[in-house]
Structure formats: C-alpha cells, structure tokens
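*Asks:* So I've got this file, query-v4.txt, and it contains compact mmCIF, C-alpha atoms and all ligand atoms:
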# COMPACT_ATOMS: atom_id res chain seq x y z
CA MET H 1 17.35 -16.32 1.19
CA SER H 2 15.45 -14.88 4.13
CA GLN H 3 16.06 -11.22 4.92
CA ARG H 4 14.99 -8.82 7.65
CA LEU H 5 14.49 -5.08 8.06
CA THR H 6 13.92 -3.27 11.35
CA ILE H 7 11.73 -0.18 11.61
CA ASN H 8 13.14 2.19 14.23
CA GLN H 9 11.83 5.32 15.85
CA ASN H 10 14.17 7.71 17.68
CA ASN H 11 16.85 5.04 17.23
CA ASN H 12 14.75 2.42 19.05
CA PRO H 13 13.66 -0.72 17.20
CA ILE H 14 9.85 -0.83 16.91
CA TYR H 15 9.20 -3.90 14.73
CA ASP H 16 10.87 -6.23 12.29
CA ILE H 17 9.83 -7.05 8.76
CA VAL H 18 10.85 -10.57 7.75
CA TYR H 19 11.00 -11.73 4.15
CA GLU H 20 10.41 -15.41 3.48
CA GLN H 21 9.27 -17.64 0.62
CA ASP H 22 6.90 -19.73 2.76
CA PHE H 23 5.13 -19.68 6.14
CA ASN H 24 7.48 -22.17 7.82
CA SER H 25 9.23 -19.62 10.06
CA LEU H 26 6.02 -17.90 11.23
CA ALA H 27 5.61 -19.91 14.46
CA GLY H 28 9.29 -19.38 15.32
CA GLU H 29 9.00 -15.63 14.73
CA LEU H 30 5.85 -15.45 16.89
CA ASP H 31 7.55 -17.39 19.70
CA ALA H 32 9.47 -14.19 20.47
CA PHE H 33 6.12 -12.76 21.65
CA ASP H 34 5.44 -15.62 24.07
CA ILE H 35 2.46 -16.92 22.07
CA LYS H 36 2.29 -20.11 24.13
CA ASN H 37 0.64 -17.97 26.81
CA LYS H 38 -1.60 -16.01 24.40
CA LYS H 39 -4.82 -16.50 22.50
CA LEU H 40 -4.42 -15.66 18.80
CA CYS H 41 -7.14 -14.51 16.41
CA ILE H 42 -6.46 -14.63 12.69
CA ILE H 43 -8.45 -11.94 10.90
CA THR H 44 -8.80 -12.55 7.19
CA ASP H 45 -11.21 -12.27 4.27
CA SER H 46 -13.14 -14.98 2.45
CA LYS H 47 -10.70 -15.08 -0.49
CA VAL H 48 -7.44 -15.29 1.46
CA ASN H 49 -9.07 -17.70 3.93
CA SER H 50 -9.50 -20.31 1.21
CA PHE H 51 -5.83 -20.05 0.18
CA TYR H 52 -3.84 -19.88 3.43
CA SER H 53 -5.85 -20.29 6.66
CA ASP H 54 -5.59 -24.08 6.86
CA GLU H 55 -1.82 -24.02 6.46
CA ILE H 56 -1.35 -21.24 9.01
CA CYS H 57 -3.74 -22.84 11.50
CA SER H 58 -1.89 -26.15 11.33
CA LEU H 59 1.45 -24.34 11.85
CA LEU H 60 0.22 -22.35 14.87
CA LYS H 61 -2.49 -24.37 16.62
CA ASP H 62 -0.15 -26.24 18.99
CA LYS H 63 2.05 -23.23 19.64
CA CYS H 64 -0.43 -20.93 21.37
CA LYS H 65 -3.07 -21.09 24.13
CA LYS H 66 -5.99 -20.90 21.70
CA LEU H 67 -6.34 -20.10 17.99
CA ILE H 68 -9.51 -18.70 16.44
CA ILE H 69 -10.26 -17.21 13.06
CA TYR H 70 -12.55 -14.39 12.00
CA VAL H 71 -13.43 -14.24 8.29
CA PHE H 72 -15.27 -11.36 6.63
CA PRO H 73 -16.40 -11.07 2.97
CA SER H 74 -13.53 -9.95 0.73
CA GLY H 75 -13.68 -6.53 -0.91
CA GLU H 76 -13.60 -2.83 -0.13
CA GLN H 77 -17.32 -2.90 0.83
CA SER H 78 -16.35 -4.71 4.06
CA LYS H 79 -14.03 -1.89 5.11
CA ASN H 80 -16.43 -0.21 7.51
CA LEU H 81 -17.25 0.17 11.19
CA ASP H 82 -19.86 -2.63 11.08
CA THR H 83 -17.10 -5.14 10.31
CA VAL H 84 -14.96 -3.66 13.10
CA LYS H 85 -17.90 -4.03 15.52
CA ASN H 86 -18.29 -7.69 14.47
CA ILE H 87 -14.58 -8.24 15.16
CA TYR H 88 -14.89 -6.65 18.64
CA GLU H 89 -17.90 -8.88 19.41
CA PHE H 90 -16.05 -11.99 18.26
CA LEU H 91 -13.08 -11.10 20.48
CA ILE H 92 -15.35 -10.45 23.48
CA GLN H 93 -17.18 -13.78 22.96
CA ASN H 94 -13.80 -15.51 22.94
CA LYS H 95 -12.63 -13.63 26.05
CA PHE H 96 -9.69 -11.89 24.41
CA ASP H 97 -7.81 -9.67 26.81
CA ARG H 98 -4.99 -7.18 26.40
CA LYS H 99 -2.28 -9.87 26.48
CA ASP H 100 -3.70 -11.67 23.45
CA MET H 101 -2.85 -11.01 19.81
CA LEU H 102 -4.44 -10.46 16.39
CA LEU H 103 -2.92 -11.67 13.12
CA ALA H 104 -3.92 -9.74 9.97
CA LEU H 105 -3.74 -12.25 7.12
CA GLY H 106 -4.51 -10.71 3.73
CA GLY H 107 -4.33 -7.57 1.62
CA GLY H 108 -4.73 -3.90 2.42
CA VAL H 109 -8.35 -4.07 3.59
CA VAL H 110 -7.59 -6.87 6.06
CA GLY H 111 -4.48 -5.09 7.36
CA ASP H 112 -6.35 -1.81 7.83
CA MET H 113 -9.35 -3.41 9.54
CA ALA H 114 -7.39 -5.76 11.81
CA GLY H 115 -4.93 -2.95 12.60
CA PHE H 116 -7.74 -0.57 13.52
CA ALA H 117 -9.46 -3.24 15.63
CA ALA H 118 -6.11 -3.94 17.36
CA ALA H 119 -5.52 -0.23 17.99
CA THR H 120 -8.89 0.22 19.66
CA TYR H 121 -9.93 -3.08 21.30
CA LEU H 122 -9.30 -2.64 25.05
CA ARG H 123 -7.35 0.51 24.07
CA GLY H 124 -4.78 -1.54 22.19
CA ILE H 125 -3.87 -5.19 21.70
CA ASP H 126 -0.79 -6.55 19.89
CA PHE H 127 -1.09 -7.40 16.23
CA VAL H 128 1.05 -8.89 13.48
CA GLN H 129 0.75 -8.14 9.78
CA ILE H 130 0.91 -11.09 7.36
CA PRO H 131 0.35 -9.29 4.03
CA THR H 132 -0.49 -11.46 1.02
CA THR H 133 -0.80 -8.93 -1.83
CA LEU H 134 1.95 -6.88 -3.46
CA LEU H 135 0.18 -3.63 -2.51
CA ALA H 136 0.04 -4.71 1.12
CA GLN H 137 3.62 -6.03 1.18
CA VAL H 138 5.24 -2.92 -0.27
CA ASP H 139 2.92 -0.30 1.16
CA SER H 140 -0.03 -0.72 3.51
CA SER H 141 1.49 -3.19 5.99
CA ILE H 142 4.45 -0.86 6.65
CA GLY H 143 4.31 2.36 8.63
CA GLY H 144 1.41 1.77 11.03
CA LYS H 145 -1.44 3.47 9.19
CA THR H 146 -4.77 1.77 9.89
CA GLY H 147 -8.09 3.00 8.57
CA VAL H 148 -11.76 2.36 7.97
CA ASP H 149 -14.09 3.96 5.41
CA LEU H 150 -17.03 6.00 6.72
CA ASP H 151 -19.85 6.10 4.15
CA GLN H 152 -18.20 7.42 0.97
CA TYR H 153 -15.16 8.80 2.81
CA LYS H 154 -12.14 6.52 2.45
CA ASN H 155 -9.95 5.90 5.52
CA MET H 156 -11.81 8.66 7.34
CA VAL H 157 -11.49 6.88 10.70
CA GLY H 158 -8.17 5.41 11.71
CA ALA H 159 -5.12 5.39 13.91
CA PHE H 160 -1.37 5.17 13.66
CA TYR H 161 -0.71 1.85 15.36
CA MET H 162 2.43 -0.20 14.88
CA PRO H 163 2.40 -3.97 14.40
CA LYS H 164 4.72 -6.15 16.49
CA LEU H 165 5.99 -7.90 13.36
CA VAL H 166 5.39 -7.96 9.61
CA TYR H 167 5.81 -11.43 8.11
CA MET H 168 6.06 -11.41 4.32
CA ASN H 169 5.77 -14.69 2.45
CA VAL H 170 6.50 -13.53 -1.09
CA SER H 171 5.27 -16.81 -2.60
CA THR H 172 1.73 -15.55 -1.88
CA LEU H 173 2.29 -13.12 -4.78
CA LYS H 174 2.17 -16.12 -7.13
CA THR H 175 -1.56 -16.56 -6.52
CA LEU H 176 -2.54 -12.96 -7.34
CA ASP H 177 -4.31 -12.33 -10.62
CA ASP H 178 -2.28 -10.24 -13.08
CA ARG H 179 -4.25 -7.06 -12.50
CA GLN H 180 -3.77 -7.15 -8.73
CA TYR H 181 -0.10 -8.03 -9.11
CA TYR H 182 0.63 -5.14 -11.49
CA SER H 183 -1.46 -2.82 -9.32
CA GLY H 184 1.21 -3.39 -6.64
CA MET H 185 3.87 -2.52 -9.23
CA GLY H 186 2.39 1.00 -9.32
CA GLU H 187 3.52 1.52 -5.71
CA VAL H 188 6.85 -0.24 -6.31
CA LEU H 189 7.70 2.09 -9.23
CA LYS H 190 6.52 5.06 -7.14
CA HIS H 191 8.96 4.13 -4.34
CA GLY H 192 11.86 4.14 -6.82
CA LEU H 193 10.74 7.45 -8.31
CA ILE H 194 10.47 9.27 -4.98
CA LYS H 195 13.37 7.77 -3.05
CA SER H 196 15.90 5.70 -4.97
CA ALA H 197 17.16 6.07 -8.54
CA SER H 198 19.26 2.90 -8.10
CA PHE H 199 16.16 0.88 -7.10
CA TYR H 200 14.27 2.35 -10.08
CA GLU H 201 17.08 1.16 -12.41
CA TRP H 202 17.07 -2.23 -10.66
CA ILE H 203 13.33 -2.61 -11.39
CA ILE H 204 13.92 -1.87 -15.08
CA ASP H 205 16.89 -4.26 -15.22
CA HIS H 206 14.80 -7.06 -13.63
CA MET H 207 11.67 -6.55 -15.72
CA TYR H 208 11.75 -10.10 -17.11
CA GLU H 209 12.09 -11.77 -13.69
CA ILE H 210 9.39 -9.49 -12.27
CA HIS H 211 6.99 -10.62 -15.01
CA GLU H 212 7.94 -14.23 -14.33
CA ARG H 213 7.36 -13.66 -10.58
CA ASP H 214 10.69 -15.32 -9.85
CA LEU H 215 10.72 -15.79 -6.05
CA GLU H 216 14.27 -14.54 -5.41
CA THR H 217 13.53 -11.43 -7.48
CA LEU H 218 10.20 -10.85 -5.72
CA GLU H 219 11.88 -11.10 -2.33
CA GLU H 220 14.58 -8.63 -3.37
CA MET H 221 12.05 -6.26 -4.93
CA VAL H 222 9.72 -6.24 -1.91
CA TYR H 223 12.72 -5.81 0.43
CA LYS H 224 14.14 -2.87 -1.57
CA SER H 225 10.74 -1.26 -1.97
CA CYS H 226 10.06 -1.48 1.80
CA ASN H 227 13.50 -0.02 2.43
CA CYS H 228 12.45 3.14 0.52
CA LYS H 229 9.33 3.40 2.67
CA LYS H 230 11.30 2.62 5.86
CA ILE H 231 13.59 5.63 5.30
CA VAL H 232 10.54 7.90 5.01
CA VAL H 233 8.36 6.56 7.86
CA GLU H 234 11.25 6.38 10.34
CA LYS H 235 11.85 10.12 9.95
CA ASP H 236 8.18 11.08 10.01
CA PRO H 237 5.99 8.27 11.44
CA THR H 238 2.78 10.32 11.76
CA GLU H 239 2.97 12.34 8.51
CA LYS H 240 3.79 15.73 9.97
CA GLY H 241 6.05 16.45 7.01
CA GLU H 242 8.20 14.31 4.73
CA ARG H 243 5.97 11.20 4.85
CA ALA H 244 3.66 13.08 2.46
CA ILE H 245 6.10 12.29 -0.39
CA LEU H 246 4.67 8.75 -0.30
CA ASN H 247 1.55 10.36 -1.76
CA PHE H 248 3.31 11.05 -5.08
CA GLY H 249 0.73 10.28 -7.76
CA HIS H 250 -2.04 9.96 -5.18
CA THR H 251 -3.74 13.38 -5.35
CA ILE H 252 -4.83 12.95 -8.97
CA GLY H 253 -4.76 9.14 -8.61
CA HIS H 254 -7.33 9.09 -5.79
CA ALA H 255 -9.52 11.55 -7.72
CA ILE H 256 -9.52 9.23 -10.76
CA GLU H 257 -10.21 6.24 -8.51
CA LYS H 258 -13.35 7.99 -7.22
CA ALA H 259 -14.39 9.45 -10.60
CA LYS H 260 -14.18 5.95 -12.13
CA ASN H 261 -16.15 4.49 -9.23
CA PHE H 262 -13.27 2.18 -8.22
CA GLU H 263 -13.35 0.30 -11.57
CA LEU H 264 -9.60 0.80 -11.90
CA THR H 265 -7.16 -0.73 -9.42
CA HIS H 266 -5.34 1.49 -6.92
CA GLY H 267 -1.99 0.97 -8.70
CA GLU H 268 -3.50 1.84 -12.09
CA CYS H 269 -4.77 5.13 -10.64
CA VAL H 270 -1.42 5.80 -8.92
CA ALA H 271 0.38 5.26 -12.25
CA LEU H 272 -1.92 7.80 -13.95
CA GLY H 273 -1.42 10.22 -11.05
CA CYS H 274 2.38 9.79 -11.23
CA VAL H 275 2.35 10.57 -14.96
CA ALA H 276 0.26 13.72 -14.39
CA ALA H 277 2.50 14.83 -11.48
CA ALA H 278 5.66 14.17 -13.51
CA TYR H 279 4.17 16.25 -16.34
CA ILE H 280 3.55 19.15 -13.93
CA SER H 281 7.16 18.70 -12.71
CA TRP H 282 8.38 19.03 -16.32
CA ASN H 283 6.21 22.15 -16.81
CA ARG H 284 7.98 23.65 -13.81
CA ASN H 285 11.39 22.77 -15.28
CA LEU H 286 12.11 20.37 -12.42
CA LEU H 287 12.32 17.47 -14.89
CA THR H 288 13.57 17.60 -18.47
CA LYS H 289 11.29 16.59 -21.32
CA GLU H 290 13.33 13.39 -21.79
CA GLU H 291 13.06 12.51 -18.09
CA TYR H 292 9.28 13.06 -18.19
CA TYR H 293 8.77 10.80 -21.21
CA GLU H 294 11.04 8.09 -19.79
CA ILE H 295 9.11 8.11 -16.48
CA ARG H 296 5.77 8.03 -18.29
CA ASP H 297 6.68 5.23 -20.65
CA MET H 298 8.18 3.02 -17.94
CA PHE H 299 4.71 2.27 -16.52
CA VAL H 300 3.68 0.61 -19.79
CA PRO H 301 5.85 -2.55 -19.57
CA PHE H 302 4.39 -3.12 -16.10
CA ASN H 303 0.86 -3.23 -17.55
CA LEU H 304 -0.06 0.10 -16.02
CA PRO H 305 -1.99 2.82 -17.90
CA ILE H 306 -0.55 6.21 -18.87
CA SER H 307 -3.77 7.61 -20.32
CA ILE H 308 -7.45 7.33 -19.57
CA ASP H 309 -10.70 8.01 -21.42
CA LYS H 310 -14.28 8.62 -20.32
CA ILE H 311 -13.57 10.97 -17.44
CA ASP H 312 -14.76 14.50 -16.88
CA PRO H 313 -11.55 16.50 -16.22
CA GLU H 314 -13.54 19.12 -14.26
CA GLU H 315 -14.91 16.40 -11.98
CA VAL H 316 -11.43 14.94 -11.45
CA LEU H 317 -10.10 18.41 -10.60
CA ALA H 318 -12.93 18.99 -8.12
CA LEU H 319 -12.20 15.61 -6.50
CA THR H 320 -8.48 16.46 -6.07
CA THR H 321 -9.43 19.34 -3.81
CA SER H 322 -11.66 17.15 -1.63
CA ASP H 323 -8.73 14.83 -0.91
CA LYS H 324 -7.32 14.36 2.63
CA LYS H 325 -4.04 15.92 1.47
CA VAL H 326 -5.55 19.40 1.43
CA GLU H 327 -4.53 21.73 4.28
CA GLY H 328 -6.57 24.94 4.36
CA ASP H 329 -6.59 26.16 0.75
CA HIS H 330 -3.34 24.41 -0.12
CA ILE H 331 -3.02 21.05 -1.74
CA LYS H 332 0.13 19.28 -0.55
CA PHE H 333 1.19 18.26 -4.03
CA ILE H 334 4.20 16.02 -4.59
CA LEU H 335 6.51 16.84 -7.49
CA LEU H 336 9.65 15.14 -8.78
CA LYS H 337 13.00 16.93 -8.99
CA LYS H 338 14.60 13.91 -10.59
CA VAL H 339 14.20 10.16 -10.46
CA GLY H 340 14.74 9.28 -6.78
CA LYS H 341 13.97 12.76 -5.40
CA ALA H 342 10.46 13.99 -4.58
CA VAL H 343 9.50 17.35 -3.08
CA ILE H 344 6.37 18.61 -1.31
CA ASP H 345 4.92 21.74 -2.94
CA THR H 346 1.96 23.74 -1.67
CA THR H 347 1.95 26.24 -4.55
CA VAL H 348 0.63 23.99 -7.33
CA THR H 349 -2.41 25.77 -8.77
CA LYS H 350 -5.69 24.31 -9.99
CA ASP H 351 -4.66 25.32 -13.53
CA GLU H 352 -1.45 23.32 -13.26
CA ILE H 353 -3.37 20.31 -11.92
CA MET H 354 -5.79 20.67 -14.84
CA THR H 355 -2.91 20.58 -17.36
CA GLY H 356 -1.71 17.37 -15.66
CA ILE H 357 -5.20 15.85 -15.91
CA HIS H 358 -5.43 16.84 -19.59
CA GLU H 359 -2.03 15.24 -20.28
CA ILE H 360 -3.36 11.82 -19.26
CA TYR H 361 -6.89 12.34 -20.61
CA PHE H 362 -7.48 10.64 -23.92
CA SER H 363 -10.72 12.13 -25.22
CA GLU H 364 -12.92 10.88 -28.06
CA GLU H 365 -11.77 13.90 -30.11
CA ASP H 366 -8.19 12.53 -29.85
CA TRP H 367 -9.45 9.33 -31.51
CA ASP H 368 -10.87 11.33 -34.42
CA GLU H 369 -7.60 13.14 -35.19
N1 LIG R 1 0.59 4.76 1.87
C1 LIG R 1 1.19 5.97 2.26
C2 LIG R 1 1.66 5.96 3.68
O1 LIG R 1 1.74 4.92 4.30
O2 LIG R 1 1.94 7.00 4.20
Re-express the file's structure as structure tokens.
*Replies:*
Amino acid sequence: MSQRLTINQNNNPIYDIVYEQDFNSLAGELDAFDIKNKKLCIITDSKVNSFYSDEICSLLKDKCKKLIIYVFPSGEQSKNLDTVKNIYEFLIQNKFDRKDMLLALGGGVVGDMAGFAAATYLRGIDFVQIPTTLLAQVDSSIGGKTGVDLDQYKNMVGAFYMPKLVYMNVSTLKTLDDRQYYSGMGEVLKHGLIKSASFYEWIIDHMYEIHERDLETLEEMVYKSCNCKKIVVEKDPTEKGERAILNFGHTIGHAIEKAKNFELTHGECVALGCVAAAYISWNRNLLTKEEYYEIRDMFVPFNLPISIDKIDPEEVLALTTSDKKVEGDHIKFILLKKVGKAVIDTTVTKDEIMTGIHEIYFSEEDWDE
C-alpha cells in the first residue's frame, strides 16, 4: 500500500515523502517536476550503485533530457569538500544549469553530500532524496539538513536545504546487513521515545515482523517514524528550539562514537546515549525506576547495546562538551519526562552526565565481581 506524507512550513506544502515497495512510481513522481525538460544527475556511492543504479537508469533514461551518474567511494571518509568539488566539476562538465536536478540515491552520506552540492551549486539546484538505508529513511533524508565533515569535525559545513521530493522504496531495507539495519532501529526507537508513546508500543508489538523485515510492516514503521520527525521539523525547521529534541541520546552518543573511533554504528551509539539520558531523567525524578529499566531493556531485542566497555569515561565526558549542541557554557541536553515526551534542559551538570556515562560503562572491574 503506497502512502504519502507532506512536509509543510507556515501551512504551505514544501515537499512530499512517498512510501513505496519498489521504484516503479519514481518516474511518475518526477514527472511533476517537468523532468522531460531537465538534465538529471544521480549521485550515489560505489555500494548503492551496484545494487540500484541500473534499475533506476532504465526507469528514467527516456523520461528526461539527459541522465548522468556520479559515483564516489562508499563510506564516511568520502564525506568531505573534495568530493563536493568533484561533484561540482562533473556538473560543470555536463553543463548543468539551475533548471536541472540532482537525485541523491543512497544512505546518509550520499544524502548529505548531494544535498549540500544541490544547496550550493549555482546558489541552489533542485534535488530529490532517494534514501536506501533505514537511518536515511527515518532520519537524515527528512528535514533538510545537509552537511559535510571538515577534517575531524563532523557536519561542520552545511546548509538547511529542502528536497523537492523524498522517494522511499522500503524494499531497499532488505539488502542492508543486520548491523546497518538495527542501527536504523536506534533512531526509530528514539522517535517513539521523544514524540509518540503509541508508536513506541506499536514497535514493541511488531517486533517479530520488524525482525523479519516484512515489507508492509517496514512501510508502516518508516511512515510512522517520519511522522514523528515531521511534527518536530515543521514547527522548527532550522533548529532554533524544539527540533533539538531529535538529539535525544546524541550528546553522549556522539561522544562515544568519537571515543570509539567510529567502530560502533550511529544507532548503537544513539542507543547507549538514550540509556544514559534516560538514567539521568530517572535521577531527576522525571522517569520512575520502572520506566527507566523498561526503556533501557527495550533496546536489547533490537540488537542494540545498553552497555559498553573499553572507554575512558573522562574522555567521553570531555567529548560531550565539544559537541555542536553546546551553546556558551550550556549543553542543550535532552531528557525524557515519559515515553513520548522529551524536554530540552540546559541545567544538566557535568557530574550528572558522568553518572549517565558510568551507568552504561561496563568496566573490567565489573567482570571481576
Ligand atoms: N537528525 C536530527 C535532525 O534532523 O535534526
């Protein structure tokens, strides 16, 4: 069953998100943007290219003025300004002008890079997101954030730039390896925790189908998860306020990601960060003990960690304060009041963050006991 969500701003529709189980409707959806008079450039990475480019090229090649494809090596190491420069050069060589269009086919890195190139090439060219990972479908393709890493600084350069369309083919989730798939579940669970208790219950009730990657369930899950994000980004598209609640689990999560040198997936780090933040919420009597333990333990059936060894808690603490979510001396920390309700708090102290880090830290001494 195909479904559709519209992202609005100030009550005006900005772009649609369509949910499908194949790519068959892509050309029809793009027709609305007059692609017969446009050149299209698919931007993708080497991994996704081998899975989907042939199919998409054969669906689109007769529908537009010209179709070209730019492929860069897959992985976070490509997410830099050199790759963006190569994309600009490729577009210039192929005489792309402002009326033409980019298609971002892939996961979060592809979406961020193609989105940033689209935002800046000729001061802005249309682009469409075609996310193929769970992380990209439920998070990075929605809300218009684009970003590029600068040396060791993640997403240091970027722009808010909205796509014209997001086309989700949930059957692409079938080809993800288990670790990447469950990494996306970290963000899915987070959306339920911060915005919708009923969606959180739905996830738990559909655990079996989620493990099976049943297509109807995946479509419903991605749709419901995006709906949580839609409510937040419509109210605060450029993160002046409430959008920060999407960072639940990310302050400590990003610090662990860096401390572990990106050996853990993003969703694994987000799960650990959510557990630590829920623990701090319990310490502040926002959550009950039972609520805390239920939230913590619910990551386990989705193959996500709730404890970690071989970290230096002091280093993790230091990294939390170098995060982008720091304003002046205040960390914009996200706490939970209950399942489905997150709050922004700028009074969380370093000591409280340290207790959260210690709650998830499983040291060698713990083994000995
Ligand atoms: N991934 C968080 C946001 O889009 O704001």
*Asks:* Find, counting only C-alpha atoms, the residue in H:Asn10, H:Leu105, H:Thr217, H:Val343 that gets nearest to Asp54 (chain H).
*Replies:* H:Leu105
*Asks:* Taking all atoms listed in the file and a cut-off of 7 Å, can you tell me which residues surround ligand LIG 1 (chain R), written as a PyMOL selection string?
*Replies:* chain H and resi 139-140+142-143+145+239+243-244+246-247
*Asks:* In Å, rounded to a single decimal, give me how far CA of Glu209 (chain H) is from CA of Tyr167 (chain H).
*Replies:* 22.7 Å
*Asks:* Applying 10 Å and all atoms listed in the file, which residues near Thr349 (chain H) remain after dropping the ones on its own chain fewer than 5 positions away? List them as a list in words.
*Replies:*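 In the requested form, the answer reads His330, Ile331, Phe333 and Met354 of chain H.
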*Asks:* For the residues in the current selection, export C-alpha atoms as a tab-separated table (two decimals), keeping the file's coordinate frame.
*Replies:*
chain	number	residue	atom	x	y	z
H	330	HIS	CA	-3.34	24.41	-0.12
H	331	ILE	CA	-3.02	21.05	-1.74
H	333	PHE	CA	1.19	18.26	-4.03
H	354	MET	CA	-5.79	20.67	-14.84
*Asks:* What's the separation between CA of Asp351 (chain H) and CA of Gly267 (chain H), in Å to one decimal place?
*Replies:*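 A separation of 25.0 Å between them.
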*Asks:* At a cut-off of 12 Å, can you tabulate as JSON lines every residue of region 120-226 of chain H near region 276-281 of chain H together with its closest atom pair and the distance in Å to one decimal, using all atoms listed in the file and ordering rows by chain then number?
*Replies:*
{"residue": "H:Lys190", "atom": "CA", "partner": "H:Ala278", "partner_atom": "CA", "distance": 11.1}
{"residue": "H:Leu193", "atom": "CA", "partner": "H:Ala278", "partner_atom": "CA", "distance": 9.9}
{"residue": "H:Ile194", "atom": "CA", "partner": "H:Ala278", "partner_atom": "CA", "distance": 11.0}
*Asks:* I need every residue sitting at most 12 Å from the point (9.2, -10.1, -14.8) (coordinates as in the file, all atoms listed in the file considered), written as a PyMOL selection string.
*Replies:* chain H and resi 178+181-182+185+202-218+221+301-303
*Asks:* May I ask which of the residues H:Ala119, H:Ile7, H:Leu150, H:Ile256 is the closest one to Leu165 (chain H), counting only C-alpha atoms?
*Replies:* H:Ile7
*Asks:* I need the residue nearest Asp345 (chain H) from this list: H:Glu315, H:Asp366, H:Glu257, H:Glu242. Use all atoms listed in the file for the distance.
*Replies:*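 Comparing H:Glu315, H:Asp366, H:Glu257, H:Glu242 against Asp345 (chain H), the winner is H:Glu242.
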*Asks:* Which residue, H:Phe90, H:Tyr292, H:Phe199, H:Phe23, has the smallest gap to Lys338 (chain H) when you use only C-alpha atoms?
*Replies:*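 Answer, going by the shortest atom-to-atom distance: H:Tyr292.
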